$ cat work-v5.cif   # mmCIF, C-alpha atoms and all ligand atoms
data_final
#
loop_
_atom_site.label_atom_id
_atom_site.label_comp_id
_atom_site.auth_asym_id
_atom_site.auth_seq_id
_atom_site.Cartn_x
_atom_site.Cartn_y
_atom_site.Cartn_z
CA MET A 161 -23.68 10.17 -101.49
CA LYS A 162 -24.07 6.85 -99.64
CA ARG A 163 -22.15 8.26 -96.74
CA LEU A 164 -24.34 11.34 -96.68
CA VAL A 165 -27.49 9.22 -96.59
CA ALA A 166 -26.06 7.12 -93.79
CA LEU A 167 -25.17 10.26 -91.87
CA LEU A 168 -28.64 11.75 -92.37
CA LEU A 169 -30.26 8.48 -91.30
CA PHE A 170 -28.09 8.46 -88.21
CA PHE A 171 -29.15 11.96 -87.18
CA PHE A 172 -32.73 11.26 -88.15
CA SER A 173 -32.90 8.18 -85.93
CA PHE A 174 -31.08 10.01 -83.16
CA SER A 175 -33.43 12.99 -83.06
CA PHE A 176 -36.53 10.81 -83.30
CA ALA A 177 -35.38 8.06 -80.95
CA LYS A 178 -38.02 7.35 -78.37
CA PRO A 179 -36.91 7.15 -74.76
CA ASN A 180 -36.90 3.61 -73.36
CA VAL A 181 -38.96 3.75 -70.19
CA ILE A 182 -39.26 0.90 -67.68
CA ALA A 183 -41.99 0.80 -65.05
CA THR A 184 -41.79 -1.71 -62.23
CA TYR A 185 -45.61 -2.13 -61.93
CA PRO A 186 -48.50 -2.01 -64.42
CA TRP A 187 -50.27 1.00 -62.82
CA ILE A 188 -47.07 3.03 -63.26
CA GLY A 189 -46.86 1.80 -66.85
CA ASP A 190 -50.43 2.92 -67.47
CA LEU A 191 -49.64 6.46 -66.29
CA VAL A 192 -46.57 6.50 -68.58
CA ARG A 193 -48.86 5.40 -71.43
CA GLU A 194 -51.32 8.22 -70.65
CA VAL A 195 -48.58 10.86 -70.75
CA GLY A 196 -46.08 9.45 -73.25
CA LYS A 197 -48.48 7.62 -75.61
CA ASP A 198 -46.61 6.58 -78.79
CA ARG A 199 -43.57 8.75 -78.11
CA VAL A 200 -42.04 6.42 -75.51
CA ASN A 201 -41.03 2.75 -75.61
CA LEU A 202 -42.56 1.27 -72.49
CA TYR A 203 -41.69 -1.97 -70.72
CA VAL A 204 -43.35 -3.13 -67.49
CA ILE A 205 -41.56 -5.59 -65.19
CA ALA A 206 -44.27 -7.00 -62.88
CA LYS A 207 -47.62 -8.53 -63.77
CA GLY A 208 -50.72 -7.15 -62.08
CA SER A 209 -51.56 -10.60 -60.73
CA GLU A 210 -48.21 -11.01 -58.95
CA ASP A 211 -47.45 -10.25 -55.31
CA PRO A 212 -45.75 -6.84 -55.73
CA HIS A 213 -43.30 -7.71 -52.95
CA PHE A 214 -42.16 -10.92 -54.61
CA VAL A 215 -41.83 -10.30 -58.34
CA VAL A 216 -39.71 -12.98 -60.02
CA PRO A 217 -36.64 -11.43 -61.70
CA LYS A 218 -35.96 -12.71 -65.24
CA PRO A 219 -33.05 -12.39 -67.70
CA SER A 220 -35.43 -10.57 -70.08
CA HIS A 221 -35.83 -7.82 -67.46
CA ILE A 222 -32.06 -7.32 -67.35
CA ALA A 223 -31.86 -7.11 -71.14
CA ARG A 224 -34.53 -4.37 -71.16
CA MET A 225 -32.88 -2.48 -68.33
CA ARG A 226 -29.57 -2.43 -70.14
CA ASN A 227 -31.02 -0.05 -72.77
CA ALA A 228 -33.30 1.97 -70.49
CA ASP A 229 -33.25 5.76 -70.39
CA LEU A 230 -35.64 5.91 -67.46
CA LEU A 231 -36.70 3.51 -64.71
CA ILE A 232 -39.77 4.45 -62.69
CA MET A 233 -40.24 2.61 -59.40
CA GLN A 234 -42.76 2.59 -56.58
CA GLY A 235 -40.11 2.77 -53.85
CA ALA A 236 -40.59 2.62 -50.07
CA SER A 237 -38.88 -0.81 -50.14
CA LEU A 238 -41.60 -2.47 -52.23
CA GLU A 239 -39.09 -3.59 -54.90
CA ILE A 240 -36.30 -4.41 -52.46
CA GLY A 241 -36.55 -8.16 -53.14
CA PHE A 242 -35.94 -8.03 -56.89
CA LEU A 243 -34.90 -4.61 -58.21
CA PRO A 244 -31.39 -4.16 -56.69
CA PRO A 245 -29.97 -7.33 -58.34
CA LEU A 246 -31.62 -6.43 -61.67
CA LEU A 247 -30.17 -2.91 -61.50
CA GLN A 248 -26.73 -4.22 -60.73
CA GLN A 249 -26.77 -6.77 -63.55
CA SER A 250 -28.12 -4.24 -66.05
CA ASN A 251 -24.86 -2.35 -65.63
CA ASN A 252 -26.65 0.75 -66.97
CA PRO A 253 -25.30 3.93 -65.33
CA LYS A 254 -28.32 5.97 -66.54
CA ILE A 255 -30.77 4.31 -64.13
CA GLN A 256 -28.68 3.65 -61.03
CA PRO A 257 -29.73 5.23 -57.68
CA GLY A 258 -28.94 8.94 -57.70
CA SER A 259 -29.04 9.16 -61.53
CA GLU A 260 -31.38 11.36 -63.55
CA GLY A 261 -32.91 8.26 -65.12
CA LEU A 262 -34.30 6.78 -61.91
CA LEU A 263 -37.61 8.08 -60.63
CA ASP A 264 -38.82 6.90 -57.22
CA LEU A 265 -42.51 7.82 -56.97
CA SER A 266 -42.69 7.26 -53.21
CA GLN A 267 -40.88 10.60 -52.85
CA PHE A 268 -43.98 12.49 -54.00
CA VAL A 269 -46.64 11.15 -51.61
CA LYS A 270 -47.10 10.93 -47.86
CA ILE A 271 -46.14 7.44 -46.72
CA ILE A 272 -48.34 6.15 -43.88
CA GLU A 273 -47.57 3.62 -41.15
CA LYS A 274 -43.88 4.48 -40.90
CA PRO A 275 -42.54 2.31 -38.09
CA GLU A 276 -40.98 4.09 -35.12
CA GLY A 277 -38.33 1.48 -34.51
CA VAL A 278 -37.55 -0.69 -37.52
CA SER A 279 -37.45 -4.36 -36.69
CA ARG A 280 -36.81 -6.40 -39.80
CA ALA A 281 -35.95 -9.36 -37.58
CA MET A 282 -39.68 -9.76 -37.04
CA GLY A 283 -40.12 -10.23 -40.79
CA ASP A 284 -42.13 -7.08 -41.46
CA ILE A 285 -41.88 -6.37 -45.19
CA HIS A 286 -42.97 -2.71 -44.74
CA PRO A 287 -39.77 -1.41 -43.08
CA GLU A 288 -40.22 2.14 -44.48
CA GLY A 289 -43.96 2.32 -43.91
CA ASN A 290 -46.80 1.22 -46.19
CA PRO A 291 -45.67 1.27 -49.86
CA HIS A 292 -49.11 0.62 -51.46
CA TYR A 293 -49.94 4.32 -51.90
CA GLN A 294 -51.34 3.94 -55.45
CA LEU A 295 -54.63 2.76 -53.95
CA ASP A 296 -55.58 6.27 -52.84
CA PRO A 297 -57.03 7.66 -56.09
CA HIS A 298 -56.25 11.19 -54.85
CA ASN A 299 -52.54 10.34 -55.12
CA ILE A 300 -52.75 9.53 -58.83
CA PRO A 301 -52.72 13.14 -60.21
CA ILE A 302 -49.60 13.92 -58.13
CA LEU A 303 -47.87 10.82 -59.48
CA ALA A 304 -48.91 11.50 -63.09
CA ARG A 305 -47.43 14.99 -62.76
CA ALA A 306 -44.14 13.61 -61.35
CA ILE A 307 -43.89 11.22 -64.31
CA THR A 308 -44.59 14.07 -66.76
CA ASP A 309 -41.90 16.30 -65.21
CA LYS A 310 -39.37 13.48 -65.47
CA LEU A 311 -40.27 12.71 -69.09
CA CYS A 312 -39.85 16.43 -69.85
CA GLN A 313 -36.41 16.32 -68.23
CA ILE A 314 -35.09 13.36 -70.20
CA ASP A 315 -36.89 14.18 -73.48
CA GLU A 316 -37.21 17.96 -73.65
CA LYS A 317 -38.29 18.16 -77.29
CA ASN A 318 -41.56 16.35 -76.50
CA CYS A 319 -42.31 18.22 -73.28
CA THR A 320 -45.24 20.21 -74.69
CA TYR A 321 -46.76 16.99 -75.99
CA TYR A 322 -46.38 15.25 -72.61
CA LYS A 323 -47.87 18.20 -70.74
CA GLY A 324 -50.84 18.32 -73.10
CA ASN A 325 -51.51 14.63 -72.49
CA LEU A 326 -51.19 15.17 -68.74
CA GLU A 327 -53.80 17.94 -68.78
CA ASN A 328 -56.15 15.74 -70.78
CA PHE A 329 -55.61 12.89 -68.30
CA LEU A 330 -56.13 15.11 -65.25
CA THR A 331 -59.41 16.44 -66.63
CA ARG A 332 -60.75 12.92 -67.18
CA TRP A 333 -59.41 11.76 -63.80
CA ASP A 334 -61.04 14.64 -61.96
CA THR A 335 -64.45 13.78 -63.40
CA LYS A 336 -64.12 10.10 -62.43
CA LEU A 337 -62.74 10.94 -58.99
CA LYS A 338 -65.83 13.00 -58.12
CA GLY A 339 -67.99 9.97 -58.87
CA TRP A 340 -65.78 7.58 -56.90
CA ASP A 341 -65.73 9.95 -53.91
CA ARG A 342 -69.54 9.94 -53.96
CA ASP A 343 -69.72 6.13 -54.20
CA PHE A 344 -67.22 5.63 -51.37
CA GLU A 345 -69.13 8.02 -49.13
CA LYS A 346 -71.60 5.17 -48.56
CA LEU A 347 -68.82 3.00 -47.12
CA LYS A 348 -67.74 5.49 -44.47
CA GLY A 349 -67.52 3.90 -41.03
CA ILE A 350 -67.88 0.29 -42.17
CA LYS A 351 -65.53 -2.21 -40.55
CA VAL A 352 -63.16 -4.25 -42.65
CA ILE A 353 -60.43 -6.85 -42.23
CA GLU A 354 -57.77 -7.28 -44.93
CA TYR A 355 -55.31 -10.08 -45.62
CA HIS A 356 -52.22 -7.90 -46.15
CA LYS A 357 -51.88 -4.19 -45.38
CA LEU A 358 -52.56 -3.53 -49.04
CA TYR A 359 -55.68 -1.34 -49.02
CA ASP A 360 -54.81 0.99 -46.12
CA TYR A 361 -54.59 4.14 -48.26
CA LEU A 362 -58.05 3.44 -49.68
CA ILE A 363 -59.44 2.57 -46.23
CA ARG A 364 -58.09 5.79 -44.72
CA ARG A 365 -59.13 8.02 -47.59
CA TYR A 366 -62.76 6.94 -47.37
CA GLY A 367 -63.12 6.57 -43.61
CA MET A 368 -63.50 2.80 -43.43
CA VAL A 369 -62.40 1.18 -40.18
CA LEU A 370 -59.62 -1.41 -40.32
CA VAL A 371 -60.27 -3.96 -37.58
CA GLY A 372 -57.25 -6.16 -38.31
CA THR A 373 -55.25 -8.12 -40.86
CA LEU A 374 -55.09 -11.85 -41.45
CA GLU A 375 -51.30 -11.59 -41.54
CA PRO A 376 -49.95 -11.05 -38.01
CA LEU A 377 -47.30 -8.78 -39.60
CA PRO A 378 -46.91 -7.67 -43.24
CA GLY A 379 -45.36 -10.65 -45.03
CA ILE A 380 -45.98 -13.22 -42.27
CA PRO A 381 -48.65 -15.81 -43.18
CA PRO A 382 -51.69 -16.12 -40.88
CA THR A 383 -51.27 -18.37 -37.84
CA ALA A 384 -54.09 -20.23 -36.03
CA LYS A 385 -53.41 -18.25 -32.86
CA HIS A 386 -53.53 -14.88 -34.62
CA VAL A 387 -56.73 -15.76 -36.50
CA GLU A 388 -58.48 -16.92 -33.31
CA GLU A 389 -57.49 -13.68 -31.55
CA LEU A 390 -58.77 -11.68 -34.50
CA LEU A 391 -62.11 -13.53 -34.41
CA THR A 392 -62.46 -12.88 -30.68
CA ASN A 393 -61.75 -9.17 -31.03
CA SER A 394 -63.81 -8.43 -34.16
CA LYS A 395 -67.43 -7.37 -34.19
CA ASP A 396 -69.73 -6.13 -36.96
CA VAL A 397 -67.14 -6.63 -39.70
CA LYS A 398 -68.72 -6.14 -43.11
CA PHE A 399 -65.92 -7.06 -45.55
CA ILE A 400 -62.85 -9.28 -45.61
CA LEU A 401 -60.68 -7.65 -48.28
CA GLN A 402 -58.65 -10.24 -50.15
CA ASP A 403 -55.99 -9.64 -52.79
CA VAL A 404 -55.70 -11.82 -55.90
CA TYR A 405 -52.38 -13.51 -55.08
CA HIS A 406 -52.66 -14.88 -51.50
CA GLU A 407 -54.46 -18.09 -50.49
CA ARG A 408 -58.17 -17.54 -49.85
CA ARG A 409 -58.95 -20.27 -47.31
CA THR A 410 -58.17 -18.12 -44.26
CA ALA A 411 -60.34 -15.27 -45.55
CA GLN A 412 -63.18 -17.69 -46.33
CA TYR A 413 -62.96 -19.13 -42.81
CA VAL A 414 -62.92 -15.70 -41.14
CA ALA A 415 -65.73 -14.40 -43.37
CA GLN A 416 -67.89 -17.38 -42.44
CA LYS A 417 -67.15 -17.09 -38.71
CA LEU A 418 -67.87 -13.35 -38.63
CA ASN A 419 -70.75 -13.48 -41.08
CA ALA A 420 -68.84 -11.00 -43.24
CA LYS A 421 -68.52 -10.81 -47.02
CA LEU A 422 -65.31 -11.88 -48.72
CA VAL A 423 -64.43 -9.35 -51.43
CA VAL A 424 -61.52 -9.92 -53.80
CA LEU A 425 -60.10 -6.54 -54.80
CA PRO A 426 -57.59 -5.73 -57.54
CA HIS A 427 -54.57 -3.74 -56.33
CA ASP A 428 -53.03 -3.02 -59.73
CA VAL A 429 -53.89 -2.84 -63.40
CA GLY A 430 -54.25 -6.41 -64.69
CA ALA A 431 -54.86 -7.98 -61.26
CA VAL A 432 -58.34 -8.94 -62.53
CA PRO A 433 -59.48 -8.81 -66.18
CA GLU A 434 -61.83 -5.89 -65.49
CA ALA A 435 -58.94 -3.68 -64.27
CA ARG A 436 -57.66 -2.93 -67.76
CA ASP A 437 -56.16 0.47 -66.98
CA ILE A 438 -55.82 2.91 -64.10
CA PHE A 439 -59.43 4.15 -64.56
CA SER A 440 -61.05 0.72 -64.60
CA LEU A 441 -58.84 -0.38 -61.68
CA PHE A 442 -60.62 2.08 -59.39
CA GLY A 443 -63.94 1.62 -61.15
CA GLU A 444 -63.73 -2.11 -60.43
CA ILE A 445 -62.77 -1.57 -56.76
CA VAL A 446 -65.78 0.70 -56.32
CA ARG A 447 -68.05 -1.76 -58.13
CA ARG A 448 -66.95 -4.76 -56.06
CA LEU A 449 -67.41 -2.89 -52.75
CA ASN A 450 -70.86 -1.61 -53.67
CA GLN A 451 -72.24 -4.86 -55.06
ZN ZN A 501 -47.10 -4.80 -48.68
#
$ encode --input "work-v5.cif" --output "structure tokens" --more "lines below"
Ligand SMILES: [Zn+2]
Amino acid sequence: MKRLVALLLFFFSFSFAKPNVIATYPWIGDLVREVGKDRVNLYVIAKGSEDPHFVVPKPSHIARMRNADLLIMQGASLEIGFLPPLLQQSNNPKIQPGSEGLLDLSQFVKIIEKPEGVSRAMGDIHPEGNPHYQLDPHNIPILARAITDKLCQIDEKNCTYYKGNLENFLTRWDTKLKGWDRDFEKLKGIKVIEYHKLYDYLIRRYGMVLVGTLEPLPGIPPTAKHVEELLTNSKDVKFILQDVYHERRTAQYVAQKLNAKLVVLPHDVGAVPEARDIFSLFGEIVRRLNQ
């Protein structure tokens, strides 16, 4: 009898085991939460306030990755500084490159700013083009769908549930997106400078004009020479777009010199307290640019 109970418990736990899903960034985690809700165990590696290029790997990440059924990454080299060693040390064949349990979301969107000749020697940390594609809100439905398809693949029995949640999410997203599109219409044609090439997808989507970046190259800190050149060549700049994790002194200096407004924008869920989820992330970006 005892053995029978043990056996039943074993099969019970097996058939109801939730897939362990790891997301590299909070915005990916939030989409997993929308689709998977309480039927997945979710763990997110990076914090929204961290530089996404330089996430600090921790032993706790390796422990989580060891038991993962699915790892969802942003790709396009964004995680190149921390994910390969974590993957190797996790020693988990399910989530290695080429496995069913690794989903690279960069495969589903059009990557902009792909360099013609790659020159890593110059220190450019965007060797495969711009990896910050989550900041075009029109990309989000495509990415939510890709996550749903993958969850269906690794956890077939809950596929109908995941698809239902996706449809619910897409309906709510579509309504919000119409409002954001209207709000951004007012910003068409305005000139902006950004610290890092972080907001390019947003800038392109809504027809803002990128005059320059404070970094001479993605990943290279501003130099006096570069900043002076930028000041000489910039006219009628309205906003200096600053992320939450770089120093602000350069942006403050440039904003003052150009009589522009310094705006700190979240780039991920959790980057600022108001960006609690993927909806409020974009809501907050819109609010800060229209203030
Ligand atoms: Zn970057």
$ closest_residue --input "work-v5.cif" --among "A:Arg342, A:His298, A:Lys336, A:His213" --to "ligand ZN 501 (chain A)" --atoms "all atoms listed in the file"
A:His213
$ atom_distance --input "work-v5.cif" --atom1 "atom CA of A:Leu422" --atom2 "atom CA of A:Pro382"
16.3 Å
$ residues_near_ligand --input "work-v5.cif" --ligand "ligand ZN 501 (chain A)" --cutoff "8 Å" --atoms "all atoms listed in the file" --output "list in words"
Pro212, His213, Leu238, Ile285, His286, Asn290, Pro291, His292, His356, Lys357, Leu358, Pro378 and Gly379 of chain A
$ closest_atom_pairs --input "work-v5.cif" --of "stretch 271-341 of chain A" --to "stretch 183-194 of chain A" --cutoff "9 Å" --atoms "only C-alpha atoms" --output "CSV"
residue,atom,partner,partner_atom,distance
A:Gln294,CA,A:Trp187,CA,8.0
A:Ile300,CA,A:Leu191,CA,8.6
A:Leu303,CA,A:Leu191,CA,8.3
A:Ala304,CA,A:Leu191,CA,6.0
A:Ile307,CA,A:Val192,CA,6.9
A:Thr308,CA,A:Val192,CA,8.0
A:Leu311,CA,A:Val192,CA,8.9
A:Tyr322,CA,A:Glu194,CA,8.8
A:Asn325,CA,A:Glu194,CA,6.7
A:Leu326,CA,A:Glu194,CA,7.2
A:Asn328,CA,A:Glu194,CA,8.9
A:Phe329,CA,A:Glu194,CA,6.8
$ write_last_selection --input "work-v5.cif" --atoms "C-alpha atoms" --output "PDB file, in the coordinates of the input"
ATOM      1  CA  GLN A 294     -51.340   3.940 -55.450  1.00  0.00           C
ATOM      2  CA  ILE A 300     -52.750   9.530 -58.830  1.00  0.00           C
ATOM      3  CA  LEU A 303     -47.870  10.820 -59.480  1.00  0.00           C
ATOM      4  CA  ALA A 304     -48.910  11.500 -63.090  1.00  0.00           C
ATOM      5  CA  ILE A 307     -43.890  11.220 -64.310  1.00  0.00           C
ATOM      6  CA  THR A 308     -44.590  14.070 -66.760  1.00  0.00           C
ATOM      7  CA  LEU A 311     -40.270  12.710 -69.090  1.00  0.00           C
ATOM      8  CA  TYR A 322     -46.380  15.250 -72.610  1.00  0.00           C
ATOM      9  CA  ASN A 325     -51.510  14.630 -72.490  1.00  0.00           C
ATOM     10  CA  LEU A 326     -51.190  15.170 -68.740  1.00  0.00           C
ATOM     11  CA  ASN A 328     -56.150  15.740 -70.780  1.00  0.00           C
ATOM     12  CA  PHE A 329     -55.610  12.890 -68.300  1.00  0.00           C
TER      13      PHE A 329
END
$ closest_residue --input "work-v5.cif" --among "A:Ala411, A:Asn450, A:Glu388, A:Phe442" --to "A:Pro297" --atoms "only C-alpha atoms"
A:Phe442
$ closest_residue --input "work-v5.cif" --among "A:Ser237, A:Asn180, A:Thr331, A:Ser209" --to "A:Asp403" --atoms "only C-alpha atoms"
A:Ser209
$ decode --input "work-v5.cif" --residues "stretch 176-191 of chain A" --atoms "C-alpha atoms" --output "PDB file, in the first residue's frame"
ATOM      1  CA  PHE A 176       1.808  18.337 -12.531  1.00  0.00           C
ATOM      2  CA  ALA A 177       5.420  19.485 -12.411  1.00  0.00           C
ATOM      3  CA  LYS A 178       5.692  23.055 -13.577  1.00  0.00           C
ATOM      4  CA  PRO A 179       8.380  23.847 -16.126  1.00  0.00           C
ATOM      5  CA  ASN A 180      11.318  25.794 -14.689  1.00  0.00           C
ATOM      6  CA  VAL A 181      11.721  28.830 -16.912  1.00  0.00           C
ATOM      7  CA  ILE A 182      14.643  31.263 -16.725  1.00  0.00           C
ATOM      8  CA  ALA A 183      14.521  34.697 -18.342  1.00  0.00           C
ATOM      9  CA  THR A 184      17.686  36.744 -18.653  1.00  0.00           C
ATOM     10  CA  TYR A 185      15.893  40.126 -18.275  1.00  0.00           C
ATOM     11  CA  PRO A 186      12.820  41.316 -16.339  1.00  0.00           C
ATOM     12  CA  TRP A 187      10.788  42.341 -19.425  1.00  0.00           C
ATOM     13  CA  ILE A 188      11.142  38.785 -20.763  1.00  0.00           C
ATOM     14  CA  GLY A 189      10.124  37.469 -17.343  1.00  0.00           C
ATOM     15  CA  ASP A 190       7.040  39.666 -17.384  1.00  0.00           C
ATOM     16  CA  LEU A 191       5.927  38.227 -20.743  1.00  0.00           C
TER      17      LEU A 191
END
